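**Q** Input file: input-v2.csv. Contents: CSV, C-alpha atoms.
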chain,number,residue,atom,x,y,z
A,5,MET,CA,89.6,111.6,99.5
A,6,SER,CA,86.4,113.4,98.6
A,7,MET,CA,84.9,116.5,100.2
A,8,LYS,CA,82.1,114.4,101.7
A,9,THR,CA,84.8,112.4,103.5
A,10,VAL,CA,86.3,115.6,104.8
A,11,GLN,CA,83.0,116.7,106.1
A,12,THR,CA,82.6,113.3,107.8
A,13,SER,CA,85.9,113.9,109.5
A,14,PHE,CA,84.7,117.1,111.0
A,15,ILE,CA,81.6,115.4,112.3
A,16,ARG,CA,83.7,112.6,113.7
A,17,ALA,CA,86.0,115.1,115.4
A,18,ILE,CA,83.2,117.0,117.0
A,19,ILE,CA,81.6,113.8,118.3
A,20,ALA,CA,85.0,112.7,119.7
A,21,ILE,CA,85.5,116.0,121.5
A,22,VAL,CA,82.0,115.9,123.0
A,23,VAL,CA,82.5,112.3,124.2
A,24,GLY,CA,85.9,113.3,125.7
A,25,LEU,CA,84.4,116.2,127.5
A,26,LEU,CA,81.6,113.9,128.9
A,27,LEU,CA,84.2,111.5,130.1
A,28,ILE,CA,86.2,114.3,131.8
A,29,LYS,CA,83.2,115.9,133.5
A,30,TYR,CA,81.4,112.7,134.6
A,31,ARG,CA,84.3,110.4,135.1
A,32,GLU,CA,83.3,109.7,138.7
A,33,GLU,CA,79.8,108.8,137.8
A,34,THR,CA,79.0,105.5,136.1
A,35,VAL,CA,75.4,106.6,135.3
A,36,THR,CA,73.5,104.9,132.6
A,37,TRP,CA,72.4,107.9,130.6
A,38,ILE,CA,76.0,109.1,129.9
A,39,THR,CA,76.8,105.7,128.5
A,40,ILE,CA,73.7,105.7,126.3
A,41,ILE,CA,74.4,109.2,125.0
A,42,ILE,CA,78.0,108.3,124.2
A,43,GLY,CA,76.7,105.2,122.4
A,44,VAL,CA,74.2,107.2,120.3
A,45,LEU,CA,77.0,109.6,119.4
A,46,PHE,CA,79.3,106.8,118.3
A,47,PHE,CA,76.4,105.2,116.3
A,48,ILE,CA,75.7,108.4,114.4
A,49,SER,CA,79.4,108.9,113.6
A,50,GLY,CA,79.7,105.3,112.4
A,51,LEU,CA,76.5,105.5,110.4
A,52,ILE,CA,77.6,108.7,108.6
A,53,SER,CA,81.0,107.2,107.8
A,54,CYS,CA,79.4,104.0,106.3
A,55,ILE,CA,76.9,106.0,104.2
A,56,VAL,CA,79.6,108.3,102.8
A,57,TYR,CA,81.8,105.2,101.9
A,58,LEU,CA,78.9,103.7,100.0
A,59,VAL,CA,78.2,106.9,98.1
A,60,ASN,CA,81.8,107.4,97.2
A,61,ARG,CA,82.2,103.8,96.2
A,62,ASN,CA,79.4,104.0,93.6
A,63,ALA,CA,80.4,107.5,92.4
A,64,LYS,CA,82.0,107.7,88.9
A,65,PRO,CA,85.8,108.2,89.2
A,66,LYS,CA,87.4,111.2,87.6
A,67,ALA,CA,91.0,112.2,86.7
A,68,VAL,CA,93.0,113.6,89.6
A,69,VAL,CA,96.1,115.7,89.8
A,70,ASP,CA,98.4,116.6,92.7
A,71,VAL,CA,99.2,120.1,93.9
A,72,GLU,CA,101.9,120.3,91.2
A,73,GLY,CA,99.6,119.4,88.4
A,74,ARG,CA,100.8,115.9,87.8
A,75,PRO,CA,98.2,113.2,87.2
A,76,ILE,CA,98.0,110.5,89.8
A,77,SER,CA,96.3,107.2,90.1
A,78,ILE,CA,92.8,107.0,91.5
A,79,ASP,CA,92.2,104.7,94.5
A,80,LYS,CA,88.9,103.4,95.7
A,81,PRO,CA,87.5,104.9,98.9
A,82,THR,CA,89.0,103.4,102.0
A,83,PHE,CA,86.9,100.9,103.8
A,84,PRO,CA,85.4,102.6,106.9
A,85,VAL,CA,87.1,100.5,109.7
A,86,VAL,CA,86.6,103.3,112.2
A,87,GLY,CA,83.0,103.8,111.1
A,88,ILE,CA,82.2,100.1,111.5
A,89,GLY,CA,83.8,100.1,114.9
A,90,SER,CA,81.9,103.2,116.0
A,91,LEU,CA,78.7,101.7,114.7
A,92,VAL,CA,79.1,98.4,116.7
A,93,LEU,CA,80.4,100.3,119.8
A,94,GLY,CA,77.4,102.7,119.7
A,95,VAL,CA,74.9,99.8,119.6
A,96,ALA,CA,76.7,98.1,122.5
A,97,LEU,CA,76.9,101.2,124.6
A,98,ALA,CA,73.3,102.2,124.0
A,99,ALA,CA,71.8,98.7,124.3
A,100,PHE,CA,73.9,97.3,127.3
A,101,PRO,CA,75.0,100.4,129.2
A,102,THR,CA,75.2,98.7,132.6
A,103,ILE,CA,77.4,95.8,131.3
A,104,VAL,CA,79.7,97.8,129.0
A,105,VAL,CA,80.5,100.5,131.7
A,106,TYR,CA,82.9,98.1,133.4
A,107,TRP,CA,84.9,97.7,130.1
A,108,MET,CA,85.0,101.4,129.3
A,109,VAL,CA,88.8,101.7,129.6
A,110,TYR,CA,89.4,98.9,127.2
A,111,ILE,CA,86.7,100.0,124.8
A,112,PHE,CA,87.9,103.5,124.5
A,113,GLY,CA,91.5,102.3,124.2
A,114,ALA,CA,90.4,100.2,121.2
A,115,ILE,CA,88.5,103.2,119.8
A,116,LEU,CA,91.7,105.4,120.1
A,117,ILE,CA,93.7,102.7,118.3
A,118,LEU,CA,91.2,102.4,115.5
A,119,GLY,CA,91.0,106.2,115.2
A,120,ALA,CA,94.7,106.5,114.9
A,121,VAL,CA,94.8,103.8,112.2
A,122,GLY,CA,92.1,105.7,110.4
A,123,GLN,CA,94.1,108.9,110.5
A,124,TYR,CA,97.2,107.0,109.2
A,125,VAL,CA,95.1,105.7,106.2
A,126,THR,CA,93.7,109.2,105.5
A,127,LEU,CA,97.2,110.8,105.6
A,128,ALA,CA,98.6,108.1,103.3
A,129,SER,CA,95.9,108.8,100.7
A,130,VAL,CA,96.6,112.6,101.0
A,131,VAL,CA,100.4,112.2,100.5
A,132,LYS,CA,99.7,111.4,96.8
A,133,LEU,CA,98.3,114.9,96.4
A,134,SER,CA,100.8,116.9,98.5
A,135,LYS,CA,103.7,116.5,100.9
A,136,LEU,CA,102.9,116.5,104.7
A,137,SER,CA,105.1,117.6,107.5
A,138,LEU,CA,106.2,115.2,110.3
A,139,TYR,CA,103.8,116.8,112.7
A,140,PHE,CA,100.8,115.2,110.9
A,141,TRP,CA,102.3,111.8,111.5
A,142,LEU,CA,103.3,112.3,115.1
A,143,MET,CA,99.8,113.3,116.3
A,144,PRO,CA,98.0,110.0,115.5
A,145,SER,CA,101.1,108.2,116.8
A,146,PHE,CA,100.4,109.8,120.2
A,147,VAL,CA,96.8,108.7,120.1
A,148,PHE,CA,97.8,105.2,119.1
A,149,VAL,CA,100.2,104.9,122.1
A,150,VAL,CA,97.5,106.1,124.5
A,151,GLY,CA,95.2,103.4,123.1
A,152,LEU,CA,97.8,100.7,123.6
A,153,ILE,CA,98.4,101.8,127.2
A,154,ALA,CA,94.7,101.6,127.9
A,155,LEU,CA,94.5,98.1,126.4
A,156,PHE,CA,97.6,96.5,127.7
A,157,LYS,CA,98.9,98.6,130.6
A,158,PRO,CA,95.7,100.1,132.2
A,159,SER,CA,97.5,100.1,135.6
A,160,TRP,CA,99.6,103.1,134.3
A,161,ILE,CA,96.5,105.2,134.3
A,162,ALA,CA,94.7,103.5,137.1
A,163,SER,CA,94.4,106.6,139.2
A,164,ALA,CA,92.1,108.3,136.7
A,165,PRO,CA,91.6,106.2,133.6
A,166,LEU,CA,88.5,107.9,132.3
A,167,LEU,CA,90.0,111.4,132.8
A,168,PHE,CA,93.1,110.3,130.9
A,169,LEU,CA,91.0,108.8,128.1
A,170,GLY,CA,88.7,111.8,128.0
A,171,TRP,CA,91.6,114.1,127.3
A,172,ALA,CA,92.9,111.6,124.8
A,173,MET,CA,89.5,111.7,123.0
A,174,VAL,CA,89.5,115.5,123.0
A,175,PHE,CA,93.1,115.4,121.6
A,176,TYR,CA,92.0,112.9,118.9
A,177,GLY,CA,89.1,115.2,117.9
A,178,VAL,CA,91.4,118.2,117.6
A,179,VAL,CA,93.9,116.3,115.5
A,180,GLU,CA,91.0,115.1,113.3
A,181,CYS,CA,89.9,118.7,112.8
A,182,VAL,CA,93.5,119.8,111.9
A,183,ASN,CA,93.8,117.0,109.4
A,184,ALA,CA,90.4,117.8,107.9
A,185,PHE,CA,91.4,121.5,107.5
A,186,LYS,CA,94.7,120.5,105.9
A,187,ILE,CA,93.0,118.1,103.5
A,188,MET,CA,90.4,120.7,102.6
A,189,ASN,CA,93.1,123.2,101.7
A,190,ILE,CA,94.9,120.6,99.6
A,191,HIS,CA,91.6,119.8,97.7
A,192,ARG,CA,91.2,123.6,97.0
A,193,GLN,CA,94.7,123.8,95.6
A,194,VAL,CA,94.1,120.7,93.4
A,195,ALA,CA,90.7,122.2,92.2
A,196,ARG,CA,92.4,125.4,91.2
A,197,ILE,CA,95.1,123.5,89.3
A,198,GLU,CA,92.5,121.4,87.6
A,199,ALA,CA,90.5,124.5,86.5
A,200,GLN,CA,93.7,126.1,85.2
A,201,GLN,CA,94.7,123.0,83.2
A,202,GLN,CA,91.2,122.8,81.8
A,203,ALA,CA,91.2,126.4,80.8
A,204,GLU,CA,94.6,125.9,79.1
A,205,ALA,CA,93.4,122.8,77.3
A,206,GLU,CA,90.3,124.7,76.0
A,207,ALA,CA,92.5,127.6,74.8
A,208,VAL,CA,94.8,125.2,72.9
A,209,GLU,CA,91.8,123.4,71.4
A,210,ALA,CA,90.2,126.7,70.3
A,211,GLU,CA,93.5,127.8,68.8
A,212,ALA,CA,93.8,124.5,66.9
A,213,VAL,CA,90.2,125.0,65.6
A,214,GLU,CA,91.0,128.5,64.4
A,215,VAL,CA,94.2,127.4,62.7
A,216,GLY,CA,92.3,124.6,61.0
A,217,ALA,CA,89.7,127.0,59.8
A,218,GLN,CA,92.4,129.3,58.3
A,219,ASP,CA,94.0,126.4,56.5
A,220,ASN,CA,90.6,125.4,55.0
A,221,ALA,CA,90.0,129.0,53.9
A,222,GLU,CA,93.4,129.2,52.2
A,223,THR,CA,92.9,125.9,50.4
A,224,SER,CA,89.5,127.0,49.2
A,225,CYS,CA,91.0,130.2,47.7
A,226,SER,CA,93.7,128.4,45.9
A,227,THR,CA,91.2,126.1,44.2
A,228,ASP,CA,89.2,129.0,42.9
A,229,GLU,CA,92.1,130.7,41.0
A,230,PRO,CA,92.1,130.1,37.1
A,231,LEU,CA,94.7,127.7,35.9
A,232,VAL,CA,96.9,128.5,32.8
A,233,ASN,CA,97.9,125.3,31.1
A,234,ASN,CA,100.5,125.8,28.3
A,235,THR,CA,101.7,122.9,26.4
A,236,PRO,CA,105.4,122.5,25.8
A,237,GLU,CA,105.0,123.2,22.1
A,238,GLU,CA,103.4,126.6,22.9
A,239,GLN,CA,106.2,127.5,25.2
A,240,ASP,CA,108.9,126.5,22.7
A,241,ASN,CA,107.4,128.1,19.5
A,242,PRO,CA,106.8,131.9,19.8
A,243,ASN,CA,105.2,132.0,16.4
A,244,LEU,CA,102.2,130.0,17.5
A,245,GLY,CA,99.2,132.1,18.2
A,246,ALA,CA,100.6,135.0,16.0
A,247,GLY,CA,99.2,133.7,12.7
A,248,ILE,CA,102.6,132.8,11.2
In structure tokens, what does this structure look like?
**A**
Amino acid sequence: MSMKTVQTSFIRAIIAIVVGLLLIKYREETVTWITIIIGVLFFISGLISCIVYLVNRNAKPKAVVDVEGRPISIDKPTFPVVGIGSLVLGVALAAFPTIVVYWMVYIFGAILILGAVGQYVTLASVVKLSKLSLYFWLMPSFVFVVGLIALFKPSWIASAPLLFLGWAMVFYGVVECVNAFKIMNIHRQVARIEAQQQAEAEAVEAEAVEVGAQDNAETSCSTDEPLVNNTPEEQDNPNLGAGI
């Protein structure tokens, strides 16, 4: 997961919180402009997610290590299911606000389910870099359950469905922010480890070059020394060279 994806998570979280607050404040009013604003916000969120996916997909992959310095496999960027859903929902809400408003509970239930699935996928990709506590898995589970209730048992929240879903959207946005901060910290740890490993590799390489240069210098000195070549006869006969 790249830093661009983390930044997209922050944008998606802010938009989810804003949408949730709009649902809470104007839950009793089925006015057109609120639906259009929510549609535009979802469209922007989905568009950014899709653009970041295309950029990361075409980017050149590089070696990655986890927080303990062990190399891990590199996966392709995850297909932006939530981004596509937000894009389609944004167009529908902005283009047909009077029709879609009657299906708001089901639509936001589906969005919460897609959002929870997206968080599961994000956490699964981060687990390769560092261990995560149970808390990070429970939070999207709560969002997922709320989405299921809105889709299949809306009577359970019939008294104030938009109020309930509004708070669920705010909660989803907060969880998205928490996950983004956690992922950002993990990326910083990984970056520090990669920099340390690179520095160590450069030091080893420099030491190897220095040792090689010393060996070459010693070899050169040994070849420059004069060679004394005495034949076996000269060594065995001490009278040779004495004129006898």
**Q** In Å, rounded to a single decimal, give me how far CA of Val92 in chain A is from CA of Val44 in chain A.
**A**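 Pair CA of Val44 in chain A / CA of Val92 in chain A returns 10.7 Å.
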**Q** Would you compute the distance between CA of Met188 in chain A and CA of Leu58 in chain A? Give it in Å to one decimal.
**A**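 Here the two named atoms are 20.7 Å from each other.
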**Q** Within 9 Å of Ile111 in chain A, counting all atoms listed in the file, which residues show up once you throw out same-chain ones fewer than 4 positions away? Write them as a PyMOL selection string, please.
**A** chain A and resi 93+104+107+115-116+154-155
**Q** Around (90.1, 104.4, 131.4) in the file's frame, which residues reach within 7 Å when counting all atoms listed in the file? Return as a VMD selection string?
**A** chain A and resid 108 to 110 154 164 to 166 168 to 169
**Q** Could you tell me how far CA of Ala17 in chain A sits from CA of Leu133 in chain A, in Å to one decimal place?
**A**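 Result for CA of Leu133 in chain A versus CA of Ala17 in chain A: 22.6 Å, one decimal.
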